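Peer 1: File model18.cif below, mmCIF, C-alpha atoms and all ligand atoms:
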```cif
data_run
#
loop_
_atom_site.label_atom_id
_atom_site.label_comp_id
_atom_site.auth_asym_id
_atom_site.auth_seq_id
_atom_site.Cartn_x
_atom_site.Cartn_y
_atom_site.Cartn_z
CA MET A 1 106.79 79.15 141.00
CA THR A 2 103.84 81.32 142.03
CA THR A 3 102.48 81.36 145.59
CA GLU A 4 99.11 80.17 144.21
CA HIS A 5 100.80 77.07 142.78
CA LEU A 6 102.49 76.39 146.14
CA VAL A 7 99.19 76.74 148.04
CA ALA A 8 97.46 74.40 145.56
CA GLN A 9 100.19 71.78 146.14
CA ILE A 10 99.79 72.10 149.90
CA HIS A 11 96.07 71.38 149.67
CA LYS A 12 96.58 68.57 147.17
CA LYS A 13 99.19 66.79 149.29
CA GLN A 14 97.71 67.86 152.63
CA SER A 15 101.22 68.81 153.63
CA PHE A 16 103.30 71.92 154.15
CA LEU A 17 106.45 69.94 154.84
CA CYS A 18 109.84 71.08 153.60
CA VAL A 19 112.56 68.45 153.71
CA GLY A 20 115.97 69.96 154.47
CA LEU A 21 118.74 68.35 152.42
CA ASP A 22 121.62 68.99 154.83
CA VAL A 23 123.95 66.19 153.77
CA ASP A 24 126.76 65.29 156.13
CA LEU A 25 129.04 62.57 154.75
CA ALA A 26 129.87 61.54 158.31
CA LYS A 27 126.19 60.67 158.90
CA ILE A 28 125.03 59.02 155.68
CA PRO A 29 124.95 55.22 155.33
CA GLU A 30 128.42 53.83 154.80
CA HIS A 31 127.55 51.79 151.70
CA LEU A 32 126.82 55.07 149.82
CA LEU A 33 130.39 56.27 150.26
CA LYS A 34 131.40 53.80 147.53
CA GLU A 35 129.21 55.65 145.00
CA GLU A 36 130.84 58.05 142.53
CA ASP A 37 128.80 60.93 143.97
CA PRO A 38 127.65 59.91 147.48
CA ILE A 39 125.95 63.26 148.21
CA PHE A 40 123.77 63.08 145.11
CA ALA A 41 123.10 59.35 145.58
CA PHE A 42 121.87 60.10 149.12
CA ASN A 43 119.72 63.06 147.99
CA LYS A 44 118.19 61.13 145.11
CA ALA A 45 117.20 58.27 147.40
CA ILE A 46 115.76 60.68 149.99
CA ILE A 47 113.84 62.71 147.39
CA ASP A 48 112.38 59.61 145.69
CA ALA A 49 111.32 58.23 149.07
CA THR A 50 109.79 61.43 150.54
CA HIS A 51 108.39 63.52 147.64
CA GLU A 52 104.81 62.28 148.14
CA PHE A 53 104.70 63.78 151.62
CA CYS A 54 106.35 67.17 151.13
CA VAL A 55 105.90 70.29 149.02
CA ALA A 56 109.43 71.71 149.27
CA TYR A 57 113.10 70.76 149.53
CA LYS A 58 115.73 72.99 151.09
CA PRO A 59 119.40 72.16 150.56
CA ASN A 60 121.46 74.27 152.94
CA THR A 61 124.42 75.33 150.79
CA ALA A 62 126.92 75.05 153.68
CA PHE A 63 126.61 71.26 153.48
CA TYR A 64 127.70 71.38 149.82
CA GLU A 65 130.27 74.18 149.97
CA ALA A 66 132.04 72.24 152.74
CA TYR A 67 132.95 69.57 150.14
CA GLY A 68 134.36 72.02 147.56
CA ILE A 69 133.80 71.44 143.86
CA ARG A 70 132.27 67.97 144.35
CA GLY A 71 129.80 69.46 146.85
CA TRP A 72 128.78 72.21 144.42
CA LYS A 73 128.42 69.64 141.60
CA ALA A 74 126.18 67.53 143.85
CA LEU A 75 124.06 70.63 144.59
CA GLU A 76 123.72 71.32 140.84
CA LYS A 77 122.70 67.73 140.18
CA THR A 78 120.21 67.79 143.04
CA ILE A 79 118.38 70.93 141.89
CA LYS A 80 118.39 69.69 138.29
CA TYR A 81 116.93 66.35 139.42
CA LEU A 82 114.20 68.15 141.37
CA ASN A 83 113.35 70.54 138.53
CA ASP A 84 113.29 67.75 135.91
CA LYS A 85 111.58 64.99 137.88
CA TYR A 86 109.41 66.88 140.41
CA PRO A 87 108.80 70.35 138.88
CA GLU A 88 105.72 70.86 141.09
CA ILE A 89 107.92 70.95 144.19
CA PHE A 90 109.09 74.30 145.63
CA THR A 91 112.86 74.59 146.02
CA ILE A 92 114.79 76.71 148.50
CA ALA A 93 118.51 77.47 148.33
CA ASP A 94 119.28 78.03 151.98
CA ALA A 95 122.31 80.25 151.44
CA LYS A 96 121.57 83.21 153.78
CA ARG A 97 123.18 85.73 151.43
CA GLY A 98 122.98 89.53 151.20
CA ASP A 99 125.63 92.14 150.32
CA ILE A 100 125.92 95.49 148.53
CA GLY A 101 123.51 95.63 145.60
CA ASN A 102 126.08 94.86 142.93
CA THR A 103 127.10 91.68 144.76
CA SER A 104 123.57 90.65 145.74
CA THR A 105 122.64 90.73 142.05
CA MET A 106 125.30 88.07 141.42
CA TYR A 107 124.12 85.94 144.38
CA ALA A 108 120.57 86.19 143.04
CA LYS A 109 121.71 85.14 139.56
CA ALA A 110 123.66 82.20 141.01
CA PHE A 111 120.75 80.69 142.92
CA LEU A 112 117.61 81.84 141.09
CA ASP A 113 118.86 81.93 137.52
CA ASP A 114 121.89 79.66 137.07
CA LEU A 115 120.95 76.91 139.53
CA GLY A 116 117.22 77.52 139.02
CA PHE A 117 115.92 77.47 142.59
CA ASP A 118 112.46 78.94 143.29
CA SER A 119 113.76 80.86 146.29
CA VAL A 120 116.78 81.78 148.36
CA THR A 121 117.23 82.70 152.01
CA VAL A 122 118.63 86.19 152.60
CA ALA A 123 119.96 88.01 155.67
CA PRO A 124 118.37 91.47 156.10
CA TYR A 125 121.21 93.14 157.99
CA MET A 126 122.54 95.21 155.06
CA GLY A 127 119.11 96.60 154.23
CA LYS A 128 117.08 97.60 151.20
CA ASP A 129 119.70 97.67 148.44
CA SER A 130 121.06 94.29 149.56
CA VAL A 131 117.62 92.63 149.38
CA GLU A 132 115.95 94.25 146.36
CA PRO A 133 118.20 92.56 143.73
CA PHE A 134 116.76 89.19 144.86
CA LEU A 135 113.19 90.53 144.66
CA ALA A 136 113.57 91.54 141.02
CA PHE A 137 113.10 87.95 139.77
CA LYS A 138 109.55 87.20 138.63
CA ASP A 139 107.85 84.22 140.31
CA LYS A 140 110.89 83.70 142.54
CA HIS A 141 110.90 84.26 146.29
CA THR A 142 113.25 85.86 148.75
CA ILE A 143 113.05 84.36 152.22
CA LEU A 144 114.25 86.97 154.68
CA LEU A 145 115.54 86.00 158.12
CA ALA A 146 113.12 87.56 160.61
CA LEU A 147 113.31 85.68 163.90
CA THR A 148 115.62 82.71 163.78
CA SER A 149 115.39 79.44 165.71
CA ASN A 150 118.75 79.62 167.49
CA GLU A 151 119.65 80.97 170.94
CA GLY A 152 121.71 83.80 169.39
CA ALA A 153 118.46 85.24 167.97
CA PHE A 154 118.14 87.01 171.34
CA ASP A 155 121.48 88.84 170.85
CA PHE A 156 120.04 91.28 168.30
CA GLN A 157 116.72 90.24 166.80
CA THR A 158 114.60 90.76 169.94
CA LYS A 159 116.44 93.89 171.13
CA GLU A 160 114.28 97.03 171.19
CA ILE A 161 115.09 99.99 168.99
CA GLU A 162 112.78 103.01 169.30
CA GLY A 163 110.38 100.93 171.39
CA LYS A 164 110.14 98.00 168.96
CA GLU A 165 112.07 94.76 168.59
CA LEU A 166 114.55 94.63 165.71
CA TYR A 167 112.79 91.69 164.01
CA LYS A 168 109.61 93.82 163.84
CA HIS A 169 111.58 96.58 162.10
CA VAL A 170 112.80 93.96 159.63
CA LEU A 171 109.22 92.85 158.91
CA GLN A 172 107.82 96.38 158.64
CA THR A 173 110.63 97.96 156.63
CA SER A 174 110.92 95.06 154.19
CA LYS A 175 107.24 95.55 153.28
CA THR A 176 108.24 98.88 151.69
CA TYR A 177 110.86 97.28 149.38
CA LYS A 178 110.25 97.14 145.63
CA ASN A 179 108.55 93.83 144.64
CA SER A 180 107.96 93.03 148.33
CA GLU A 181 105.16 90.67 147.23
CA ASN A 182 108.02 88.24 146.49
CA LEU A 183 109.04 88.13 150.16
CA MET A 184 108.67 85.24 152.56
CA TYR A 185 110.19 85.16 156.04
CA VAL A 186 112.08 82.75 158.30
CA VAL A 187 110.63 82.33 161.78
CA GLY A 188 112.02 79.51 163.91
CA ALA A 189 109.60 76.92 165.31
CA THR A 190 111.24 77.51 168.67
CA LYS A 191 109.84 81.08 168.55
CA ALA A 192 106.18 80.07 168.04
CA LYS A 193 104.92 82.36 170.81
CA TYR A 194 106.05 85.37 168.76
CA LEU A 195 103.91 84.35 165.79
CA GLY A 196 100.84 86.28 167.01
CA ASP A 197 102.81 89.55 166.92
CA ILE A 198 104.43 88.58 163.63
CA ARG A 199 101.08 87.92 161.99
CA GLN A 200 99.89 91.42 163.05
CA ILE A 201 102.61 92.87 160.80
CA ILE A 202 102.63 90.32 157.96
CA PRO A 203 99.17 88.70 158.03
CA ASP A 204 99.46 86.92 154.71
CA SER A 205 103.13 86.27 153.96
CA PHE A 206 104.51 82.74 153.76
CA LEU A 207 106.82 81.72 156.58
CA LEU A 208 109.60 79.17 156.38
CA VAL A 209 109.64 77.59 159.82
CA PRO A 210 112.71 75.49 160.67
CA GLY A 211 113.33 74.00 164.08
CA VAL A 212 110.81 71.18 164.50
CA GLY A 213 112.39 67.80 165.21
CA ALA A 214 116.06 68.09 166.18
CA GLN A 215 115.69 71.64 167.63
CA GLY A 216 112.54 70.83 169.62
CA GLY A 217 109.95 73.25 168.14
CA SER A 218 106.26 72.29 168.29
CA LEU A 219 104.27 71.85 165.07
CA SER A 220 100.89 72.38 166.72
CA GLU A 221 101.98 75.68 168.33
CA VAL A 222 103.35 76.92 165.02
CA CYS A 223 100.05 76.11 163.34
CA ALA A 224 97.92 77.60 166.11
CA TYR A 225 99.63 80.99 165.89
CA GLY A 226 101.03 81.06 162.37
CA MET A 227 98.55 79.47 159.94
CA THR A 228 96.65 81.85 157.64
CA ASN A 229 93.72 81.49 155.22
CA ASN A 230 96.38 80.82 152.59
CA VAL A 231 98.11 78.29 154.92
CA GLY A 232 101.18 80.58 154.94
CA LEU A 233 103.55 77.98 156.38
CA LEU A 234 106.37 75.77 155.18
CA VAL A 235 107.70 73.75 158.08
CA ASN A 236 111.19 72.33 157.64
CA SER A 237 112.80 69.28 159.13
CA SER A 238 116.33 68.24 158.10
CA ARG A 239 118.17 65.87 160.47
CA GLY A 240 114.93 64.39 161.88
CA ILE A 241 114.09 63.04 158.40
CA LEU A 242 117.51 62.48 156.80
CA TYR A 243 119.19 60.52 159.56
CA ALA A 244 116.31 58.39 160.81
CA SER A 245 118.52 55.37 160.00
CA ASN A 246 121.94 54.82 158.47
CA GLU A 247 121.31 51.22 157.50
CA GLU A 248 120.62 49.95 153.96
CA ASP A 249 116.93 50.81 154.43
CA PHE A 250 117.64 54.48 155.32
CA ALA A 251 115.35 55.90 152.63
CA GLN A 252 112.41 53.87 153.93
CA SER A 253 113.02 55.22 157.45
CA SER A 254 113.17 58.78 156.11
CA ARG A 255 109.94 58.14 154.24
CA GLU A 256 108.26 57.03 157.51
CA GLN A 257 109.44 60.22 159.27
CA ALA A 258 108.16 62.42 156.43
CA LYS A 259 104.88 60.51 156.33
CA ASP A 260 104.44 60.95 160.06
CA LEU A 261 104.93 64.72 159.84
CA GLN A 262 102.55 64.88 156.85
CA LYS A 263 99.90 63.07 158.90
CA GLN A 264 100.24 65.64 161.69
CA MET A 265 100.05 68.44 159.11
CA LYS A 266 96.88 66.96 157.59
CA ILE A 267 95.26 67.09 161.03
CA GLU A 268 96.29 70.76 161.41
CA LEU A 269 94.96 71.62 157.95
CA GLU A 270 91.66 69.89 158.67
CA LYS A 271 91.19 72.09 161.77
CA LYS A 272 91.18 75.17 159.52
CA PHE A 273 89.97 74.15 156.06
O1 LIG B 301 117.05 79.54 157.21
C1 LIG B 301 116.92 78.43 157.73
O2 LIG B 301 116.46 77.49 157.11
C2 LIG B 301 117.17 78.31 159.18
C3 LIG B 301 116.86 79.41 159.96
C4 LIG B 301 116.78 79.28 161.35
O3 LIG B 301 116.41 80.19 162.05
N1 LIG B 301 117.11 78.06 161.90
C5 LIG B 301 117.48 76.99 161.15
O4 LIG B 301 117.70 75.92 161.74
N2 LIG B 301 117.57 77.12 159.79
C6 LIG B 301 118.06 75.99 158.95
O5 LIG B 301 117.09 74.95 158.98
C7 LIG B 301 117.72 73.66 159.04
C8 LIG B 301 117.33 73.00 160.36
O6 LIG B 301 117.81 71.69 160.41
P1 LIG B 301 117.34 70.61 161.51
O7 LIG B 301 117.50 71.26 162.84
O8 LIG B 301 118.30 69.50 161.29
O9 LIG B 301 115.91 70.25 161.20
C9 LIG B 301 119.21 73.93 158.89
O10 LIG B 301 119.54 73.90 157.51
C10 LIG B 301 119.38 75.36 159.41
O11 LIG B 301 120.46 76.03 158.82
#
```
Just give me the structure of the file as structure tokens.
Peer 2:
Amino acid sequence: MTTEHLVAQIHKKQSFLCVGLDVDLAKIPEHLLKEEDPIFAFNKAIIDATHEFCVAYKPNTAFYEAYGIRGWKALEKTIKYLNDKYPEIFTIADAKRGDIGNTSTMYAKAFLDDLGFDSVTVAPYMGKDSVEPFLAFKDKHTILLALTSNEGAFDFQTKEIEGKELYKHVLQTSKTYKNSENLMYVVGATKAKYLGDIRQIIPDSFLLVPGVGAQGGSLSEVCAYGMTNNVGLLVNSSRGILYASNEEDFAQSSREQAKDLQKQMKIELEKKF
């Protein structure tokens, strides 16, 4: 999917919401556990109930890998369902991969080619030759971890090297990579006050912003410092939407949560456009 298509969807739906599909069998409604494939049954219900209010879905692969082969099968079914039924929606494999080039090529094939996601999250630590294999795919996007939402982000990412924080080196250096126009970046909603500095280095790139809802990040701060003329934001919520209720009507409750975030996003978009 091209960035232009994504931006058009954002304006059409008045939403830059990404729903995180982080399925935990211990948290889903009990009646679904009787289904042949409870993970897919849950995802399908959530997707059908929320698709009007979001422009992206992000399964975090850990929540599928944890269930072995049946988890991977559910991931395959989920991405196929999205691509067949809602092809206009942007998909993110949140896998946080990255390895020597030869291995990264296989990770890229797995997520962008075989499974058919529009994008994959990648860790920048191993540098240029670990990231460029992901960037080689046309109309696919590599979402590089820049400044993450967790407390441990301060262990390395904000440490200064040669007078500049490490995450700024990541942003600047990655701009020199081949096909860098296919890059997007992860910046946690809990790090909104850094967005001014971040936008100095990458004024136009799309940011995936997790950390609103369960992690306490503020949507209005993210928009105030991070929104661009191209919107430039995908804001993710996983647990806040998925586990709004674990009763029979869970999908309706998730829909209400997604609708509420979309309403707030519409207000933010109207301030700028
Ligand atoms: O790459 C990510 O999506 C990510 C980066 C980051 O800095 N923080 C972060 O929370 N995430 C992911 O975003 C989702 C956040 O989930 P909730 O906190 O439940 O909304 C999880 O899948 C995390 O793995």
Peer 1: Any idea what's packed within 10 Å of A:Ile198, counting only C-alpha atoms, ignoring anything in its chain fewer than 2 positions away? Could you give it as an MDAnalysis selection string?
Peer 2: chainID A and resid 146:147 167:168 171:172 187 192:196 200:203 225:226
Peer 1: If the limit is 7 Å from any atom of ligand LIG 301 (chain B), counting all atoms listed in the file, which residues qualify? Return them as an mmCIF file with C-alpha atoms, in the frame of the given file.
Peer 2:
```
data_model
loop_
_atom_site.group_PDB
_atom_site.id
_atom_site.type_symbol
_atom_site.label_atom_id
_atom_site.label_comp_id
_atom_site.auth_asym_id
_atom_site.auth_seq_id
_atom_site.Cartn_x
_atom_site.Cartn_y
_atom_site.Cartn_z
ATOM 1 C CA GLY A 20 115.970 69.960 154.470
ATOM 2 C CA ASP A 22 121.620 68.990 154.830
ATOM 3 C CA ASN A 60 121.460 74.270 152.940
ATOM 4 C CA ASP A 94 119.280 78.030 151.980
ATOM 5 C CA LYS A 96 121.570 83.210 153.780
ATOM 6 C CA THR A 121 117.230 82.700 152.010
ATOM 7 C CA LEU A 145 115.540 86.000 158.120
ATOM 8 C CA LEU A 147 113.310 85.680 163.900
ATOM 9 C CA THR A 148 115.620 82.710 163.780
ATOM 10 C CA SER A 149 115.390 79.440 165.710
ATOM 11 C CA ASN A 150 118.750 79.620 167.490
ATOM 12 C CA VAL A 186 112.080 82.750 158.300
ATOM 13 C CA VAL A 187 110.630 82.330 161.780
ATOM 14 C CA GLY A 188 112.020 79.510 163.910
ATOM 15 C CA PRO A 210 112.710 75.490 160.670
ATOM 16 C CA GLY A 211 113.330 74.000 164.080
ATOM 17 C CA VAL A 212 110.810 71.180 164.500
ATOM 18 C CA GLY A 213 112.390 67.800 165.210
ATOM 19 C CA ALA A 214 116.060 68.090 166.180
ATOM 20 C CA GLN A 215 115.690 71.640 167.630
ATOM 21 C CA ASN A 236 111.190 72.330 157.640
ATOM 22 C CA SER A 237 112.800 69.280 159.130
ATOM 23 C CA SER A 238 116.330 68.240 158.100
ATOM 24 C CA ARG A 239 118.170 65.870 160.470
ATOM 25 C CA GLY A 240 114.930 64.390 161.880
#
```
Peer 1: Of the residues A:Leu242, A:Ala153, A:Ala95, A:Met184, which is the one nearest to A:Leu208, using all atoms listed in the file?
Peer 2: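 Nearest to A:Leu208: A:Met184.
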Peer 1: Might you pull out every residue within 10 Å of stretch 71-85 of chain A, with only C-alpha atoms counted and same-chain residues fewer than 6 positions away left off, and present them as JSON, numbers by chain?
Peer 2: {"A": [21, 23, 37, 38, 39, 40, 41, 42, 43, 44, 47, 48, 51, 56, 57, 58, 59, 60, 61, 62, 63, 64, 65, 91, 92, 93, 114, 115, 116, 117, 118]}
Peer 1: Any chance you could export the current selection's C-alpha atoms as a compact mmCIF listing (two decimals), in the coordinates of the input?
Peer 2:
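And here's again_33.txt as it stands now:
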```txt
# COMPACT_ATOMS: atom_id res chain seq x y z
CA LEU A 21 118.74 68.35 152.42
CA VAL A 23 123.95 66.19 153.77
CA ASP A 37 128.80 60.93 143.97
CA PRO A 38 127.65 59.91 147.48
CA ILE A 39 125.95 63.26 148.21
CA PHE A 40 123.77 63.08 145.11
CA ALA A 41 123.10 59.35 145.58
CA PHE A 42 121.87 60.10 149.12
CA ASN A 43 119.72 63.06 147.99
CA LYS A 44 118.19 61.13 145.11
CA ILE A 47 113.84 62.71 147.39
CA ASP A 48 112.38 59.61 145.69
CA HIS A 51 108.39 63.52 147.64
CA ALA A 56 109.43 71.71 149.27
CA TYR A 57 113.10 70.76 149.53
CA LYS A 58 115.73 72.99 151.09
CA PRO A 59 119.40 72.16 150.56
CA ASN A 60 121.46 74.27 152.94
CA THR A 61 124.42 75.33 150.79
CA ALA A 62 126.92 75.05 153.68
CA PHE A 63 126.61 71.26 153.48
CA TYR A 64 127.70 71.38 149.82
CA GLU A 65 130.27 74.18 149.97
CA THR A 91 112.86 74.59 146.02
CA ILE A 92 114.79 76.71 148.50
CA ALA A 93 118.51 77.47 148.33
CA ASP A 114 121.89 79.66 137.07
CA LEU A 115 120.95 76.91 139.53
CA GLY A 116 117.22 77.52 139.02
CA PHE A 117 115.92 77.47 142.59
CA ASP A 118 112.46 78.94 143.29
```
Peer 1: Skip A:Leu269 itself and residues of its chain fewer than 3 positions away, then list as a PyMOL selection string all residues within 8 Å of it, counting all atoms listed in the file.
Peer 2: chain A and resi 14+231+265-266+272-273
Peer 1: Write out as a PDB file with C-alpha atoms, in the frame of the given file which residues come within 8 Å of A:Thr50 when counting all atoms listed in the file, dropping same-chain ones fewer than 4 positions away.
Peer 2:
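Once written, result_36.pdb looks like this:
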```
ATOM      1  CA  ILE A  46     115.760  60.680 149.990  1.00  0.00           C
ATOM      2  CA  CYS A  54     106.350  67.170 151.130  1.00  0.00           C
ATOM      3  CA  SER A 254     113.170  58.780 156.110  1.00  0.00           C
ATOM      4  CA  ARG A 255     109.940  58.140 154.240  1.00  0.00           C
ATOM      5  CA  ALA A 258     108.160  62.420 156.430  1.00  0.00           C
ATOM      6  CA  LYS A 259     104.880  60.510 156.330  1.00  0.00           C
TER       7      LYS A 259
END
```
Peer 1: Have a look at atom CA of A:Ser174 and atom CA of A:Glu4 and let me know their distance in Å, one decimal.
Peer 2: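 Here the two named atoms are 21.5 Å from each other.
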Peer 1: Just to confirm, what's the straight-line distance from atom CA of A:Gly98 to atom CA of A:Ser119 in Å (one decimal)?
Peer 2: 13.6 Å
Peer 1: Could you jot down the atom CA of A:Ile241 to atom CA of A:Val19 separation for me, Å, one decimal place?
Peer 2: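 Taking atom CA of A:Ile241 and atom CA of A:Val19, their separation equals 7.3 Å.
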Peer 1: Go through A:Thr142, A:Ser245, A:Thr103, A:Thr176 one by one, measure the shortest atom-to-atom distance of each to A:Leu207 using only C-alpha atoms, and give the residue with the smallest value.
Peer 2: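 The answer is A:Thr142, which sits nearest to A:Leu207.
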Peer 1: Find, counting only C-alpha atoms, the residue in A:Gly152, A:Pro29, A:Gly232, A:Pro133 that gets nearest to A:Ala108.
Peer 2: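 Looking only at the distances to A:Ala108, the closest residue turns out to be A:Pro133.
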Peer 1: Would you kindly return, as an mmCIF file with C-alpha atoms, keeping the file's coordinate frame, each protein, DNA or RNA residue with an atom no farther than 8 Å from any atom of A:Asp139, considering only C-alpha atoms and excluding same-chain residues fewer than 5 positions away?
Peer 2:
```cif
data_model
loop_
_atom_site.group_PDB
_atom_site.id
_atom_site.type_symbol
_atom_site.label_atom_id
_atom_site.label_comp_id
_atom_site.auth_asym_id
_atom_site.auth_seq_id
_atom_site.Cartn_x
_atom_site.Cartn_y
_atom_site.Cartn_z
ATOM 1 C CA MET A 1 106.790 79.150 141.000
ATOM 2 C CA THR A 2 103.840 81.320 142.030
ATOM 3 C CA ASP A 118 112.460 78.940 143.290
ATOM 4 C CA ASN A 182 108.020 88.240 146.490
#
```
Peer 1: Identify which of the residues A:Val55, A:Lys27, A:Arg70, A:Cys223 lies closest to A:Ser15, counting all atoms listed in the file when measuring atom-to-atom distances.
Peer 2: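 Residue with the minimum atom-to-atom distance to A:Ser15: A:Val55.
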